[in-house]
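> Let me give you the structure first, and then I'll get to my questions.
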Amino acid sequence: MFVETRRHVSGLPSLSEPEALAIARAVWRVSRVLDSELTPEFVFSAIAGRSVPHFHQHVFVRPFGAPSSVSWNDVDSWDEAPRLDEAELALLCRRISLGFEPGQ
């Protein structure tokens, strides 16, 4: 997943304090849902790369059973990695979105 700001900024130092707090809260909420729904070995978050010239933070999982030869940030290259089909992905996205409804 990506968490990104509505306002275009180039990186962390350009965020206002309220934006930084909103990003942190969003990453925390997404990570909790991913952990609960996918029960991975780890949930990672990283601000990395420069291919997109605006701020975005990655949130991704490392499933149990990933061999140590698979880099922490490249589980997609592991052929045996668990995959979600389109319907499963839509359900996961819906469950993630519930964490952002008013009162949550």
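Ordered as shown in the structure tokens, chains take letters A, B, and onward, while each chain numbers its residues from 1 and ligands are numbered from 1 in the order shown.
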Contacts between stretch 6-18 of chain A and stretch 22-79 of chain A, please, where a residue of stretch 22-79 of chain A counts if it comes within 7 Å (with only C-alpha atoms); show its shortest atom pair and distance in Å to one decimal, rows by chain and ascending number, as a Markdown table.

| residue | atom | partner | partner_atom | distance |
| --- | --- | --- | --- | --- |
| A:Ala22 | CA | A:Pro18 | CA | 6.1 |
| A:Pro53 | CA | A:Ser10 | CA | 6.1 |
| A:His54 | CA | A:Ser10 | CA | 4.4 |
| A:Phe55 | CA | A:Gly11 | CA | 4.8 |
> Residues at most 12 Å from A:Asp79, counting only C-alpha atoms, excluding those fewer than 3 positions away in the same chain, as a list of chain:residue names?
A:Ala66, A:Pro67, A:Val70, A:Asp74, A:Val75, A:Asp76, A:Pro82, A:Arg83
> Okay, now the selection with C-alpha atoms, as a PDB file, in the first residue's frame?

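Contents of selection.pdb, as written:
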ATOM      1  CA  ALA A  66       9.670 -16.364   3.043  1.00  0.00           C
ATOM      2  CA  PRO A  67      13.210 -17.692   2.679  1.00  0.00           C
ATOM      3  CA  VAL A  70      14.398 -13.074  -0.313  1.00  0.00           C
ATOM      4  CA  ASP A  74      11.269  -7.793  -2.393  1.00  0.00           C
ATOM      5  CA  VAL A  75       8.828 -10.533  -1.453  1.00  0.00           C
ATOM      6  CA  ASP A  76       7.087 -10.019  -4.808  1.00  0.00           C
ATOM      7  CA  PRO A  82       0.916 -15.960  -1.197  1.00  0.00           C
ATOM      8  CA  ARG A  83      -1.186 -13.933  -3.613  1.00  0.00           C
TER       9      ARG A  83
END
> Chain A: which residues are helix (DSSP H, G or I) by DSSP, as an MDAnalysis selection string?
chainID A and resid 12:14 17:38 75:77 86:98
> Applying 10 Å and only C-alpha atoms, which residues near A:Gly65 remain after dropping the ones on its own chain fewer than 4 positions away? List them as a PyMOL selection string.
chain A and resi 40-41+80-82
> Let's have the selection written as a PDB file, in the first residue's frame, with C-alpha atoms.

ATOM      1  CA  PRO A  40       2.330 -11.937   8.220  1.00  0.00           C
ATOM      2  CA  GLU A  41       5.733 -12.461   9.766  1.00  0.00           C
ATOM      3  CA  GLU A  80       5.785 -19.079  -3.802  1.00  0.00           C
ATOM      4  CA  ALA A  81       4.613 -15.896  -2.076  1.00  0.00           C
ATOM      5  CA  PRO A  82       0.916 -15.960  -1.197  1.00  0.00           C
TER       6      PRO A  82
END
> Kindly indicate which residue among A:Val30, A:Thr5, A:Ile23, A:Leu38 lies nearest to A:Leu84, using only C-alpha atoms for the distances.
A:Leu38
> Apply DSSP to the backbone of this structure and, from chain A, keep only the residues in strand (DSSP E or B); write these as a list in words.
Phe2, Val3, Glu4, Phe42, Val43, Phe44, Ser45, Ala46, His56, Gln57, His58, Val59, Phe60, Val61 and Arg62 of chain A
> Find, counting only C-alpha atoms, the residue in A:Val27, A:Val33, A:Ala48, A:Val43 that gets nearest to A:Leu98.
A:Val33
> Counting only C-alpha atoms, what is within 12 Å of A:Phe44, bar same-chain residues fewer than 4 positions away, as a ChimeraX atom specification?
/A:1-2,27-28,30-32,34-35,40,48,57-63,72-75
> Return the single residue from A:Glu37, A:Val52, A:Leu91, A:Phe64 that is closest to A:Glu4, with distances computed using only C-alpha atoms.
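Of A:Glu37, A:Val52, A:Leu91, A:Phe64, the one nearest A:Glu4 is A:Val52, counting only C-alpha atoms.
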> Please determine, counting only C-alpha atoms, which residue among A:Val3, A:Ala87, A:Leu21, A:Ile96 has the shortest atom-to-atom distance to A:His56.
A:Val3
